[in-house]
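Q: You'll find start.cif just under this line, and it carries mmCIF, C-alpha atoms.
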data_query
#
loop_
_atom_site.label_atom_id
_atom_site.label_comp_id
_atom_site.auth_asym_id
_atom_site.auth_seq_id
_atom_site.Cartn_x
_atom_site.Cartn_y
_atom_site.Cartn_z
CA MET A 1 141.62 113.05 185.07
CA ALA A 2 140.27 114.63 181.90
CA THR A 3 137.14 116.77 182.21
CA PRO A 4 134.25 115.26 180.26
CA PRO A 5 133.05 117.46 177.37
CA LEU A 6 130.01 119.60 178.06
CA ILE A 7 126.75 118.25 176.63
CA GLY A 8 126.34 119.37 173.04
CA ALA A 9 129.61 121.35 173.12
CA ARG A 10 130.69 120.36 169.60
CA LEU A 11 127.28 121.15 168.18
CA LYS A 12 127.35 124.59 169.77
CA GLU A 13 130.88 125.14 168.45
CA PHE A 14 129.67 124.27 164.93
CA GLN A 15 126.73 126.64 165.31
CA GLN A 16 128.97 129.48 166.48
CA LYS A 17 131.31 128.97 163.51
CA GLU A 18 128.32 129.02 161.18
CA VAL A 19 127.07 132.25 162.78
CA GLU A 20 130.47 133.87 162.24
CA ARG A 21 130.65 132.63 158.64
CA ILE A 22 127.16 133.99 157.90
CA LEU A 23 127.88 137.36 159.54
CA ASP A 24 131.04 137.67 157.44
CA ALA A 25 129.47 136.57 154.16
CA CYS A 26 126.06 138.27 154.14
CA THR A 27 125.91 141.54 152.20
CA LYS A 28 122.32 142.31 153.36
CA CYS A 29 121.08 142.44 149.76
CA GLY A 30 117.70 141.07 150.88
CA LYS A 31 117.27 138.55 148.03
CA CYS A 32 116.51 135.75 150.52
CA PHE A 33 113.59 137.72 151.93
CA GLU A 34 112.28 138.71 148.51
CA VAL A 35 111.87 135.09 147.36
CA CYS A 36 110.53 133.74 150.65
CA PRO A 37 107.03 132.23 150.22
CA MET A 38 106.34 132.55 153.96
CA ALA A 39 107.20 136.23 154.52
CA GLN A 40 103.58 137.22 153.77
CA TYR A 41 102.47 135.37 156.93
CA SER A 42 104.74 137.36 159.26
CA LYS A 43 103.12 139.09 162.24
CA ALA A 44 105.13 142.19 161.31
CA PRO A 45 105.10 142.16 157.51
CA ALA A 46 107.78 144.02 155.63
CA THR A 47 108.34 144.78 151.97
CA ASP A 48 112.06 145.46 151.70
CA GLY A 49 114.52 142.67 152.37
CA LYS A 50 117.34 145.17 152.76
CA THR A 51 115.68 146.46 155.94
CA VAL A 52 114.69 143.05 157.33
CA VAL A 53 117.92 141.06 156.94
CA PRO A 54 120.05 143.37 159.17
CA GLY A 55 117.58 142.61 161.97
CA VAL A 56 118.14 138.88 161.47
CA LEU A 57 121.91 139.38 161.62
CA ALA A 58 121.44 141.41 164.81
CA VAL A 59 119.66 138.43 166.38
CA LEU A 60 122.60 136.21 165.38
CA ARG A 61 124.97 138.67 167.08
CA GLY A 62 122.88 138.44 170.25
CA GLU A 63 121.39 141.89 169.81
CA GLN A 64 117.71 142.80 169.82
CA GLY A 65 116.09 142.04 166.48
CA THR A 66 113.53 144.32 164.85
CA ALA A 67 109.84 143.34 164.89
CA GLU A 68 110.03 142.70 161.13
CA ALA A 69 113.05 140.42 161.50
CA LEU A 70 111.51 138.47 164.40
CA GLY A 71 108.24 138.20 162.48
CA TRP A 72 110.04 136.68 159.52
CA ILE A 73 112.13 134.35 161.70
CA GLY A 74 108.90 133.18 163.33
CA VAL A 75 107.36 132.01 160.05
CA CYS A 76 110.39 130.30 158.49
CA THR A 77 109.35 126.76 157.55
CA ARG A 78 112.62 125.82 155.81
CA SER A 79 111.32 126.16 152.26
CA GLY A 80 114.92 126.66 151.13
CA VAL A 81 113.92 128.85 148.16
CA CYS A 82 116.35 131.40 149.61
CA VAL A 83 119.36 129.10 149.20
CA PRO A 84 119.81 129.36 145.41
CA ALA A 85 118.63 133.01 145.48
CA CYS A 86 121.59 134.09 147.62
CA PRO A 87 124.39 135.54 145.45
CA GLU A 88 126.97 135.01 148.21
CA ASN A 89 126.24 131.34 149.04
CA VAL A 90 125.42 132.32 152.60
CA ASP A 91 122.88 129.51 153.02
CA PRO A 92 120.05 131.72 154.28
CA ARG A 93 118.09 128.65 155.42
CA MET A 94 120.88 127.95 157.92
CA MET A 95 120.93 131.67 158.79
CA MET A 96 117.22 131.61 159.59
CA ARG A 97 117.43 128.33 161.53
CA LEU A 98 120.24 129.64 163.71
CA ALA A 99 118.40 132.95 164.13
CA ARG A 100 115.32 131.03 165.25
CA MET A 101 117.33 128.98 167.77
CA THR A 102 118.90 132.20 169.05
CA ALA A 103 115.63 134.16 169.22
CA LEU A 104 113.97 131.32 171.12
CA GLY A 105 116.74 131.50 173.72
CA GLY A 106 118.13 128.14 172.64
CA ARG A 107 121.72 129.32 172.29
CA GLY A 108 121.95 130.85 175.74
CA LEU A 109 121.11 134.41 174.72
CA PRO A 110 118.03 136.35 175.88
CA LYS A 111 114.75 135.09 174.46
CA GLN A 112 113.17 137.36 171.85
CA LEU A 113 110.57 135.09 170.30
CA ASP A 114 107.83 133.06 171.89
CA VAL A 115 106.33 129.94 170.41
CA LYS A 116 103.69 127.86 172.10
CA GLU A 117 105.34 124.69 173.35
CA ASP A 118 103.37 121.46 173.06
CA ARG A 119 103.82 120.08 176.56
CA ASP A 120 102.35 116.73 175.51
CA TYR A 121 104.59 116.29 172.44
CA PHE A 122 106.66 113.29 173.56
CA ASP A 123 103.92 111.83 175.78
CA ARG A 124 101.61 111.85 172.76
CA VAL A 125 104.25 110.06 170.66
CA ARG A 126 104.64 107.45 173.44
CA ALA A 127 100.87 107.06 173.71
CA PHE A 128 100.42 106.48 169.98
CA ALA A 129 103.28 103.97 170.12
CA LYS A 130 101.32 102.04 172.76
CA LEU A 131 98.23 102.13 170.53
CA GLN A 132 100.05 101.04 167.37
CA LEU A 133 102.84 98.66 168.42
CA THR A 134 102.79 95.39 170.36
CA ASP A 135 104.48 95.19 173.75
CA ASP A 136 107.39 93.27 172.21
CA GLU A 137 107.80 95.85 169.44
CA LEU A 138 107.71 98.66 171.99
CA LYS A 139 110.45 96.95 173.97
CA GLU A 140 112.68 96.20 171.00
CA TRP A 141 112.06 99.15 168.66
CA THR A 142 111.77 102.21 170.89
CA MET B 1 120.03 87.23 154.10
CA GLY B 2 120.12 90.75 152.68
CA GLU B 3 122.12 93.74 153.86
CA LYS B 4 121.43 94.61 157.48
CA VAL B 5 120.05 98.14 157.80
CA THR B 6 118.80 100.19 160.72
CA PHE B 7 115.35 101.54 159.87
CA TRP B 8 115.29 104.84 161.79
CA TYR B 9 111.63 105.72 161.56
CA GLY B 10 111.45 108.79 163.81
CA CYS B 11 108.87 109.85 166.40
CA ASN B 12 105.56 111.03 165.04
CA VAL B 13 105.16 108.20 162.54
CA LEU B 14 104.28 106.10 165.59
CA ARG B 15 100.74 107.37 164.97
CA HIS B 16 100.80 105.22 161.85
CA GLY B 17 101.80 101.67 162.78
CA ASP B 18 100.65 100.50 159.36
CA ILE B 19 103.31 102.66 157.68
CA ILE B 20 106.10 101.36 159.93
CA HIS B 21 105.06 97.73 159.51
CA ALA B 22 104.63 98.10 155.75
CA CYS B 23 108.05 99.75 155.38
CA LEU B 24 109.67 96.81 157.17
CA ASP B 25 107.91 94.28 154.92
CA ILE B 26 108.80 96.28 151.80
CA LEU B 27 112.46 96.55 152.83
CA ARG B 28 112.58 92.78 153.42
CA ALA B 29 110.85 92.13 150.11
CA VAL B 30 113.44 94.15 148.15
CA GLY B 31 116.32 92.36 149.84
CA PHE B 32 117.23 94.13 153.09
CA ASP B 33 117.30 92.93 156.68
CA PRO B 34 115.86 95.91 158.58
CA SER B 35 116.09 96.50 162.28
CA PRO B 36 113.65 99.25 163.36
CA VAL B 37 114.40 101.96 165.93
CA GLY B 38 112.61 105.19 166.79
CA GLY B 39 110.52 107.08 169.31
CA PRO B 40 111.72 109.67 171.85
CA ASP B 41 114.79 107.58 172.83
CA TYR B 42 116.06 107.97 169.26
CA CYS B 43 114.90 111.57 168.78
CA CYS B 44 117.14 113.68 166.54
CA GLY B 45 116.55 116.79 168.69
CA THR B 46 115.14 118.96 165.92
CA VAL B 47 112.12 119.86 168.07
CA LYS B 48 114.40 121.43 170.68
CA ASP B 49 115.33 124.66 168.88
CA ALA B 50 114.67 126.51 172.15
CA ASN B 51 117.26 124.47 174.06
CA GLN B 52 120.44 123.61 172.20
CA THR B 53 121.99 121.95 175.25
CA THR B 54 119.17 119.41 175.23
CA ALA B 55 119.22 119.17 171.41
CA GLY B 56 122.98 118.57 171.48
CA GLY B 57 122.63 115.88 174.13
CA MET B 58 119.89 114.15 172.16
CA ALA B 59 121.96 114.28 168.98
CA THR B 60 125.01 112.78 170.71
CA ARG B 61 122.96 110.02 172.31
CA THR B 62 121.17 109.11 169.07
CA VAL B 63 124.25 109.22 166.83
CA GLY B 64 126.03 107.04 169.42
CA LYS B 65 123.22 104.50 169.48
CA LEU B 66 123.06 104.39 165.68
CA ASN B 67 126.87 104.04 165.53
CA ASP B 68 126.68 101.07 167.91
CA ARG B 69 124.32 99.23 165.58
CA GLY B 70 127.04 99.05 162.92
CA ALA B 71 124.73 99.14 159.89
CA ARG B 72 123.61 101.57 157.22
CA VAL B 73 120.79 103.77 158.50
CA VAL B 74 117.65 104.16 156.40
CA ALA B 75 115.77 107.23 157.59
CA TRP B 76 112.03 107.56 157.18
CA CYS B 77 111.42 110.97 158.72
CA PRO B 78 112.43 114.05 156.69
CA SER B 79 113.08 116.06 159.86
CA CYS B 80 115.44 113.42 161.26
CA HIS B 81 117.19 113.01 157.91
CA SER B 82 117.75 116.74 157.37
CA HIS B 83 118.66 117.36 161.01
CA MET B 84 121.32 114.65 160.77
CA HIS B 85 122.66 116.32 157.64
CA ASP B 86 122.48 119.91 158.95
CA PHE B 87 123.45 119.53 162.62
CA MET B 88 123.79 116.09 164.22
CA GLU B 89 126.71 114.89 162.12
CA LYS B 90 128.44 118.27 162.50
CA GLY B 91 128.67 117.85 166.26
CA ASN B 92 129.22 114.09 166.40
CA GLU B 93 131.19 111.36 164.62
CA ARG B 94 128.72 109.62 162.33
CA GLN B 95 130.12 106.16 161.60
CA PHE B 96 127.35 104.82 159.37
CA ASP B 97 126.15 105.43 155.83
CA MET B 98 122.74 106.96 155.44
CA SER B 99 119.92 106.64 152.93
CA TYR B 100 116.46 108.11 152.87
CA MET B 101 113.64 105.56 152.44
CA VAL B 102 112.36 107.10 149.20
CA GLU B 103 115.78 107.04 147.53
CA LEU B 104 116.49 103.49 148.72
CA LEU B 105 113.23 102.25 147.22
CA HIS B 106 113.88 104.17 144.03
CA ALA B 107 117.37 102.70 143.75
CA ASN B 108 115.80 99.25 144.15
CA ARG B 109 112.76 99.85 141.94
CA ASP B 110 113.72 96.97 139.65
CA ARG B 111 113.19 94.65 142.62
CA LEU B 112 110.11 96.51 143.84
CA ALA B 113 108.18 96.64 140.56
CA PRO B 114 107.54 92.86 140.21
CA LEU B 115 106.12 92.80 143.75
CA LEU B 116 103.41 95.32 142.86
CA LYS B 117 100.88 92.76 141.64
CA ASN B 118 97.51 94.15 142.74
CA PRO B 119 96.08 96.98 140.67
CA VAL B 120 95.20 100.17 142.54
CA PRO B 121 92.93 102.02 140.10
CA LEU B 122 93.37 105.58 141.27
CA THR B 123 94.27 108.96 139.77
CA VAL B 124 96.43 110.72 142.34
CA MET B 125 98.18 114.02 142.91
CA LEU B 126 101.35 114.12 144.98
CA HIS B 127 101.31 116.67 147.80
CA LYS B 128 104.62 118.51 147.34
CA HIS B 129 106.65 120.97 149.39
CA VAL B 130 109.50 123.10 148.07
CA GLY B 131 111.85 122.28 150.97
CA PHE B 132 113.76 118.99 151.56
CA ASN B 133 113.62 118.33 147.82
CA ASP B 134 117.16 119.72 147.46
CA LEU B 135 118.44 117.06 149.90
CA VAL B 136 116.45 114.18 148.38
CA PRO B 137 114.53 114.82 145.13
CA VAL B 138 111.29 113.39 146.50
CA ASN B 139 109.05 115.47 144.23
CA ARG B 140 110.47 113.67 141.19
CA VAL B 141 111.14 110.26 142.71
CA VAL B 142 107.87 109.53 144.55
CA PRO B 143 105.74 109.94 141.39
CA GLU B 144 108.14 107.54 139.65
CA LEU B 145 107.56 105.00 142.43
CA LEU B 146 103.78 105.51 142.30
CA GLN B 147 103.77 104.93 138.55
CA LEU B 148 105.17 101.44 139.14
CA ILE B 149 101.83 100.51 140.75
CA PRO B 150 99.42 99.03 138.20
CA GLY B 151 96.35 101.25 137.89
CA VAL B 152 97.85 104.34 139.50
CA LYS B 153 97.89 107.45 137.34
CA VAL B 154 99.80 110.46 138.67
CA VAL B 155 98.52 113.91 137.72
CA ASP B 156 99.85 117.30 138.70
CA ALA B 157 98.50 120.86 138.66
CA GLY B 158 101.85 122.45 139.44
CA TYR B 159 101.10 123.49 143.03
CA VAL B 160 104.05 123.12 145.41
CA ALA B 161 103.43 124.16 149.01
CA PRO B 162 105.94 126.29 150.93
CA GLY B 163 107.97 124.80 153.77
CA TYR B 164 109.47 121.34 153.91
CA MET B 165 106.47 119.52 155.41
CA CYS B 166 103.07 120.36 156.87
CA ALA B 167 104.01 120.06 160.54
CA SER B 168 106.29 123.08 160.18
CA PHE B 169 103.12 125.18 159.79
CA ALA B 170 102.04 124.56 163.39
CA GLY B 171 101.00 127.86 164.93
CA MET B 172 100.38 129.52 161.54
CA PRO B 173 96.67 128.95 160.88
CA ALA B 174 96.47 131.37 157.92
CA ALA B 175 99.33 129.65 156.11
CA LEU B 176 97.86 126.24 156.87
CA GLN B 177 94.44 127.29 155.59
CA ASP B 178 95.96 128.64 152.37
CA MET B 179 97.87 125.39 151.89
CA HIS B 180 94.76 123.25 152.40
CA THR B 181 92.78 125.45 150.05
CA ASN B 182 95.43 125.49 147.33
CA THR B 183 95.93 121.73 147.64
CA VAL B 184 92.22 120.96 147.23
CA ARG B 185 91.94 123.40 144.31
CA ALA B 186 94.97 121.86 142.60
CA ALA B 187 93.68 118.33 143.07
CA LYS B 188 90.33 119.27 141.56
CA ALA B 189 91.99 121.18 138.71
CA CYS B 190 94.03 118.17 137.59
CA GLY B 191 91.28 115.61 138.11
CA ALA B 192 92.90 113.78 141.02
CA GLU B 193 90.69 111.32 142.85
CA ALA B 194 93.05 111.22 145.80
CA LEU B 195 95.98 113.05 147.36
CA VAL B 196 99.21 111.20 148.17
CA THR B 197 101.76 112.44 150.68
CA THR B 198 105.45 111.62 150.86
CA PHE B 199 105.84 112.36 154.56
CA HIS B 200 103.84 111.07 157.54
CA GLN B 201 103.70 114.60 158.98
CA CYS B 202 101.82 115.74 155.86
CA PHE B 203 99.65 112.65 155.94
CA ARG B 204 98.64 113.42 159.54
CA GLU B 205 97.67 116.95 158.50
CA MET B 206 96.07 116.18 155.14
CA VAL B 207 94.11 113.13 156.29
CA GLY B 208 91.80 115.69 157.88
CA LEU B 209 90.63 116.42 154.32
CA ASP B 210 89.77 112.74 153.98
CA ALA B 211 87.97 112.69 157.33
CA ALA B 212 86.00 115.78 156.31
CA GLY B 213 84.91 114.08 153.09
CA THR B 214 86.78 116.59 150.91
CA LEU B 215 89.43 114.39 149.31
CA PRO B 216 90.72 110.85 149.95
CA VAL B 217 94.31 110.94 151.27
CA TYR B 218 97.04 108.28 151.36
CA ASN B 219 100.71 108.05 152.10
CA TYR B 220 102.71 106.63 149.19
CA ILE B 221 103.78 103.63 151.27
CA GLN B 222 100.13 102.73 151.82
CA LEU B 223 99.55 102.45 148.06
CA ILE B 224 102.71 100.36 147.58
CA SER B 225 101.59 98.19 150.50
CA GLN B 226 98.11 97.80 149.00
CA SER B 227 99.54 96.76 145.65
CA MET B 228 101.82 94.21 147.33
CA GLY B 229 98.85 92.79 149.22
CA LEU B 230 100.25 93.58 152.66
CA PRO B 231 97.65 93.26 155.41
CA TYR B 232 98.09 96.51 157.35
CA GLU B 233 95.08 98.71 158.06
CA ASP B 234 95.27 102.46 158.49
CA GLU B 235 93.76 102.68 161.96
CA TYR B 236 94.68 106.35 162.37
CA LYS B 237 92.50 107.28 159.39
CA GLU B 238 89.61 105.22 160.76
CA TRP B 239 89.91 106.93 164.15
CA LYS B 240 90.16 110.30 162.45
CA ARG B 241 87.08 109.66 160.33
CA ALA B 242 84.95 108.78 163.36
CA PRO B 243 86.55 110.37 166.44
CA GLU B 244 83.48 109.83 168.62
CA ALA B 245 83.69 106.10 167.93
CA ALA B 246 87.48 105.92 168.11
CA LYS B 247 87.56 104.93 171.77
CA GLU B 248 85.43 101.89 170.96
CA MET B 249 87.53 101.03 167.89
CA ILE B 250 90.74 101.27 169.91
CA GLY B 251 89.27 99.14 172.65
CA ALA B 252 89.43 99.28 176.42
CA GLU B 253 92.70 97.34 176.69
CA ARG B 254 94.68 99.78 174.52
CA ILE B 255 92.98 102.85 175.99
CA ALA B 256 94.04 101.62 179.44
CA LYS B 257 97.67 101.59 178.28
CA VAL B 258 97.60 105.35 177.63
CA GLY B 259 95.03 106.29 180.28
CA ILE B 260 91.56 107.64 179.56
CA GLU B 261 92.40 111.10 180.91
CA PHE B 262 95.37 111.45 178.53
CA TYR B 263 93.38 110.02 175.63
CA GLU B 264 90.60 112.57 176.09
CA ARG B 265 92.90 115.52 176.73
CA ALA B 266 95.72 114.94 174.23
CA ILE B 267 94.64 112.42 171.58
CA LEU B 268 90.93 112.92 170.97
CA PRO B 269 91.26 116.65 170.08
CA GLU B 270 93.81 115.71 167.39
CA LEU B 271 91.41 113.13 165.95
CA LYS B 272 88.60 115.70 165.89
CA LYS B 273 90.66 118.42 164.21
CA ARG B 274 89.52 119.28 160.67
CA PRO B 275 91.25 121.53 158.15
CA ALA B 276 89.87 124.98 157.41
CA ILE B 277 89.36 125.86 153.75
CA ASN B 278 89.06 129.39 152.33
CA LYS B 279 85.63 130.22 150.94
#
Would you mind writing the structure in this file as structure tokens?
A:
Amino acid sequence: MATPPLIGARLKEFQQKEVERILDACTKCGKCFEVCPMAQYSKAPATDGKTVVPGVLAVLRGEQGTAEALGWIGVCTRSGVCVPACPENVDPRMMMRLARMTALGGRGLPKQLDVKEDRDYFDRVRAFAKLQLTDDELKEWT
Amino acid sequence: MGEKVTFWYGCNVLRHGDIIHACLDILRAVGFDPSPVGGPDYCCGTVKDANQTTAGGMATRTVGKLNDRGARVVAWCPSCHSHMHDFMEKGNERQFDMSYMVELLHANRDRLAPLLKNPVPLTVMLHKHVGFNDLVPVNRVVPELLQLIPGVKVVDAGYVAPGYMCASFAGMPAALQDMHTNTVRAAKACGAEALVTTFHQCFREMVGLDAAGTLPVYNYIQLISQSMGLPYEDEYKEWKRAPEAAKEMIGAERIAKVGIEFYERAILPELKKRPAINK
């Protein structure tokens, strides 16, 4: 009898391939950081992208990231301005998203970044659904 | 009967029943046969960055359920749409075509325009973000849709907020405050009487400006709905404008469905929240 695939296995495989592609392609030129409109809000502000990006790549490798790298990862809001700025077509938005997942402990590596979790997130969505939809709509649409 | 489509509305838009109901009427009016799905059971998993096992499971479940419906999916939520594009379809077999609501309406604007009969005399500025626009060019397309509405004039001061939507600023009060401040300044600079959002997440955030009396705020669907004469009221805005009276407006029967303790702990603080503006 075949073993059922692990939950999310293909997604994790895709993410790992993306991590490897990014680690191979990035030249640490720092252009992505330089154009980022959110970097100014980092808890550990930096001025030179060339010193920050290696810390992001370290997080992707499962190593400890620098305070500056983790600060930048923590304020990424997927502006995507970095994507056309990258001379190597790395897709820095994907790099930062994967780094965020990794730093939050989402990819099975030690947690390096803390964000406040909204424990009521889905319950609040369900509550608003009850306030805004009829019982029949709730049954059929959700 | 028009083309059957699955209207995948997302999670947080459930705060805004008027938007969901109006979207369904608009889709029917331009020739589609929409079947709505959303809420936590259809979550894309984008909120689970800290647990990719859970996110992967959610993605597989939701792609499977959407596959089973056998129709084109029209996404409303920008997070769901981009997460499908970036991750969900990379780890699962997507067997349906996908459109984003804005681009579907724009592609069918010849059918939409004659339905926009009621004038909405309003000078508006679109609230824009730099992100998402590379996936769907909403910053160009939404103003084009708004300009189909008789009476609407779209003005622009050139301000484009960072990020891909307001909700991504959660936990960054300084960035949020700058965005509110820059948005209000831009609206005043270009003579806008009201702010219009593309996304419900931005509407939820920016409607605080309306509640505070700073600037009227709408979602673009609400203006289309108004022009079409659809009957849906924006209850969320009414609750937000008068949070102390919201319990009465909602009524005892609906409050009982969510529980008074949960309402007071988790919903009322959101209704009371007002944006901070730089001096």
Q: Point out the residue among A:Ala58, A:Ala9, A:Gln15, A:Lys50 with the least atom-to-atom distance to Asp86 in chain B, counting all atoms listed in the file.
A: A:Gln15
Q: Evaluate the PyMOL selection byres ((chain B) within 7 of (chain A)) on the structure here and hand back the selected residues as a PyMOL selection string.
A: chain B and resi 11-12+14-17+36-41+49-53+56-57+87+90-91+130-131+162-164+168-169+175+254+257-258+266
Q: Since I can't run it myself right now, could you work out what the PyMOL selection byres ((chain B and resi 33) around 10) selects here and report it as a PyMOL selection string?
A: chain B and resi 1-7+24-25+27-32+34-36
Q: Between B:Val102, B:Cys190, B:Val207, B:Ile224, which one has atoms that come closest to Arg241 in chain B, using all atoms listed in the file?
A: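 Residue with the minimum atom-to-atom distance to Arg241 in chain B: B:Val207.
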Q: Would you mind telling me which residue in B:Leu146, B:Glu253, B:Gly151, B:Met179 lies nearest to Tyr218 in chain B when using only C-alpha atoms?
A: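 With only C-alpha atoms as the atom set, the closest residue is B:Leu146.
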Q: Measure the distance from CA of Ala25 in chain A to CA of Trp72 in chain A in Å and round it to one decimal.
A: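 One can read the CA of Ala25 in chain A to CA of Trp72 in chain A distance as 20.2 Å.
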Q: Would you translate the PyMOL selection byres ((chain A and resi 34) around 9) into the concrete set of residues it matches in this file, as an MDAnalysis selection string?
A: chainID A and resid 30:33 35:37 39 47:49 82
Q: Quick one, how far is CA of Gly171 in chain B from CA of Val196 in chain B?
A: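 Answer for the CA of Gly171 in chain B to CA of Val196 in chain B separation: 23.7 Å.
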Q: Restricting the calculation to all atoms listed in the file, which member of B:His83, B:His180, B:Arg72, B:Pro275 is positioned closest to Leu104 in chain B?
A: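 The closest residue to Leu104 in chain B is B:Arg72.
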Q: Taking (127.8, 113.1, 161.4) as a centre in this file's frame and 12 Å as the limit, can you find every polymer residue with an atom that close, using only C-alpha atoms, and give them as an mmCIF file with C-alpha atoms, in the coordinates of the input?
A:
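Output below, filename result07.cif:
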data_model
loop_
_atom_site.group_PDB
_atom_site.id
_atom_site.type_symbol
_atom_site.label_atom_id
_atom_site.label_comp_id
_atom_site.auth_asym_id
_atom_site.auth_seq_id
_atom_site.Cartn_x
_atom_site.Cartn_y
_atom_site.Cartn_z
ATOM 1 C CA ARG A 10 130.690 120.360 169.600
ATOM 2 C CA LEU A 11 127.280 121.150 168.180
ATOM 3 C CA PHE A 14 129.670 124.270 164.930
ATOM 4 C CA CYS B 44 117.140 113.680 166.540
ATOM 5 C CA ALA B 59 121.960 114.280 168.980
ATOM 6 C CA THR B 60 125.010 112.780 170.710
ATOM 7 C CA THR B 62 121.170 109.110 169.070
ATOM 8 C CA VAL B 63 124.250 109.220 166.830
ATOM 9 C CA GLY B 64 126.030 107.040 169.420
ATOM 10 C CA LEU B 66 123.060 104.390 165.680
ATOM 11 C CA ASN B 67 126.870 104.040 165.530
ATOM 12 C CA HIS B 81 117.190 113.010 157.910
ATOM 13 C CA SER B 82 117.750 116.740 157.370
ATOM 14 C CA HIS B 83 118.660 117.360 161.010
ATOM 15 C CA MET B 84 121.320 114.650 160.770
ATOM 16 C CA HIS B 85 122.660 116.320 157.640
ATOM 17 C CA ASP B 86 122.480 119.910 158.950
ATOM 18 C CA PHE B 87 123.450 119.530 162.620
ATOM 19 C CA MET B 88 123.790 116.090 164.220
ATOM 20 C CA GLU B 89 126.710 114.890 162.120
ATOM 21 C CA LYS B 90 128.440 118.270 162.500
ATOM 22 C CA GLY B 91 128.670 117.850 166.260
ATOM 23 C CA ASN B 92 129.220 114.090 166.400
ATOM 24 C CA GLU B 93 131.190 111.360 164.620
ATOM 25 C CA ARG B 94 128.720 109.620 162.330
ATOM 26 C CA GLN B 95 130.120 106.160 161.600
ATOM 27 C CA PHE B 96 127.350 104.820 159.370
ATOM 28 C CA ASP B 97 126.150 105.430 155.830
ATOM 29 C CA MET B 98 122.740 106.960 155.440
#
Q: Please provide the set of residues having any atom within 12 Å of Ala242 in chain B, restricted to all atoms listed in the file, with same-chain residues fewer than 6 positions apart removed, written as a list in words.
A: Gly208, Asp210, Ala211, Ala212, Gly213, Glu235, Tyr236, Glu248, Met249, Ile250, Leu268, Glu270, Leu271, Lys272, Lys273 and Arg274 of chain B
Q: Those same residues, written as a compact mmCIF listing (two decimals), in the coordinates of the input with C-alpha atoms?
A:
# COMPACT_ATOMS: atom_id res chain seq x y z
CA GLY B 208 91.80 115.69 157.88
CA ASP B 210 89.77 112.74 153.98
CA ALA B 211 87.97 112.69 157.33
CA ALA B 212 86.00 115.78 156.31
CA GLY B 213 84.91 114.08 153.09
CA GLU B 235 93.76 102.68 161.96
CA TYR B 236 94.68 106.35 162.37
CA GLU B 248 85.43 101.89 170.96
CA MET B 249 87.53 101.03 167.89
CA ILE B 250 90.74 101.27 169.91
CA LEU B 268 90.93 112.92 170.97
CA GLU B 270 93.81 115.71 167.39
CA LEU B 271 91.41 113.13 165.95
CA LYS B 272 88.60 115.70 165.89
CA LYS B 273 90.66 118.42 164.21
CA ARG B 274 89.52 119.28 160.67
Q: Out of B:Met228, B:Ala276, B:Val152, B:Ala71, which residue has the shortest atom-to-atom distance to Val184 in chain B when counting all atoms listed in the file?
A: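 Result for the nearest residue to Val184 in chain B: B:Ala276.
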Q: Could you name the residues that touch range 61-66 of chain A at 9 Å or less, counting only C-alpha atoms, but leaving out those on the same chain fewer than 2 positions away, as a PDB file with C-alpha atoms, in the coordinates of the input?
A:
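Result file follows (out-v2.pdb):
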ATOM      1  CA  VAL A  19     127.070 132.250 162.780  1.00  0.00           C
ATOM      2  CA  GLU A  20     130.470 133.870 162.240  1.00  0.00           C
ATOM      3  CA  LEU A  23     127.880 137.360 159.540  1.00  0.00           C
ATOM      4  CA  VAL A  52     114.690 143.050 157.330  1.00  0.00           C
ATOM      5  CA  PRO A  54     120.050 143.370 159.170  1.00  0.00           C
ATOM      6  CA  GLY A  55     117.580 142.610 161.970  1.00  0.00           C
ATOM      7  CA  VAL A  56     118.140 138.880 161.470  1.00  0.00           C
ATOM      8  CA  LEU A  57     121.910 139.380 161.620  1.00  0.00           C
ATOM      9  CA  ALA A  58     121.440 141.410 164.810  1.00  0.00           C
ATOM     10  CA  VAL A  59     119.660 138.430 166.380  1.00  0.00           C
ATOM     11  CA  GLU A  68     110.030 142.700 161.130  1.00  0.00           C
ATOM     12  CA  ALA A  69     113.050 140.420 161.500  1.00  0.00           C
ATOM     13  CA  LEU A  70     111.510 138.470 164.400  1.00  0.00           C
ATOM     14  CA  GLY A  71     108.240 138.200 162.480  1.00  0.00           C
ATOM     15  CA  THR A 102     118.900 132.200 169.050  1.00  0.00           C
ATOM     16  CA  ALA A 103     115.630 134.160 169.220  1.00  0.00           C
ATOM     17  CA  LEU A 109     121.110 134.410 174.720  1.00  0.00           C
ATOM     18  CA  PRO A 110     118.030 136.350 175.880  1.00  0.00           C
ATOM     19  CA  GLN A 112     113.170 137.360 171.850  1.00  0.00           C
TER      20      GLN A 112
END
Q: Give me the residues near Val90 in chain A as a CSV table (one decimal) with C-alpha atoms, in the frame of the given file, where near means some atom within 7 Å (using only C-alpha atoms) and where sequence neighbours in that chain fewer than 2 positions away do not count.
A:
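Heads up, here's the output in around15.csv:
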chain,number,residue,atom,x,y,z
A,22,ILE,CA,127.2,134.0,157.9
A,25,ALA,CA,129.5,136.6,154.2
A,26,CYS,CA,126.1,138.3,154.1
A,86,CYS,CA,121.6,134.1,147.6
A,88,GLU,CA,127.0,135.0,148.2
A,92,PRO,CA,120.0,131.7,154.3
Q: Counting only C-alpha atoms, which residue out of B:Cys77, B:Asn108, B:Asp234, B:Leu223 sits closest to Val13 in chain B?
A: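 Between B:Cys77, B:Asn108, B:Asp234, B:Leu223, the residue approaching Val13 in chain B most closely is B:Cys77.
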Q: Box for range 113-126 of chain A: with edges along x, y and z, all listed atoms inside and 6 Å added on each side, what are the centre and edge lengths in Å to one decimal, as JSON?
A:
{"center_x": 106.1, "center_y": 121.3, "center_z": 173.4, "size_x": 21.0, "size_y": 39.6, "size_z": 18.3}
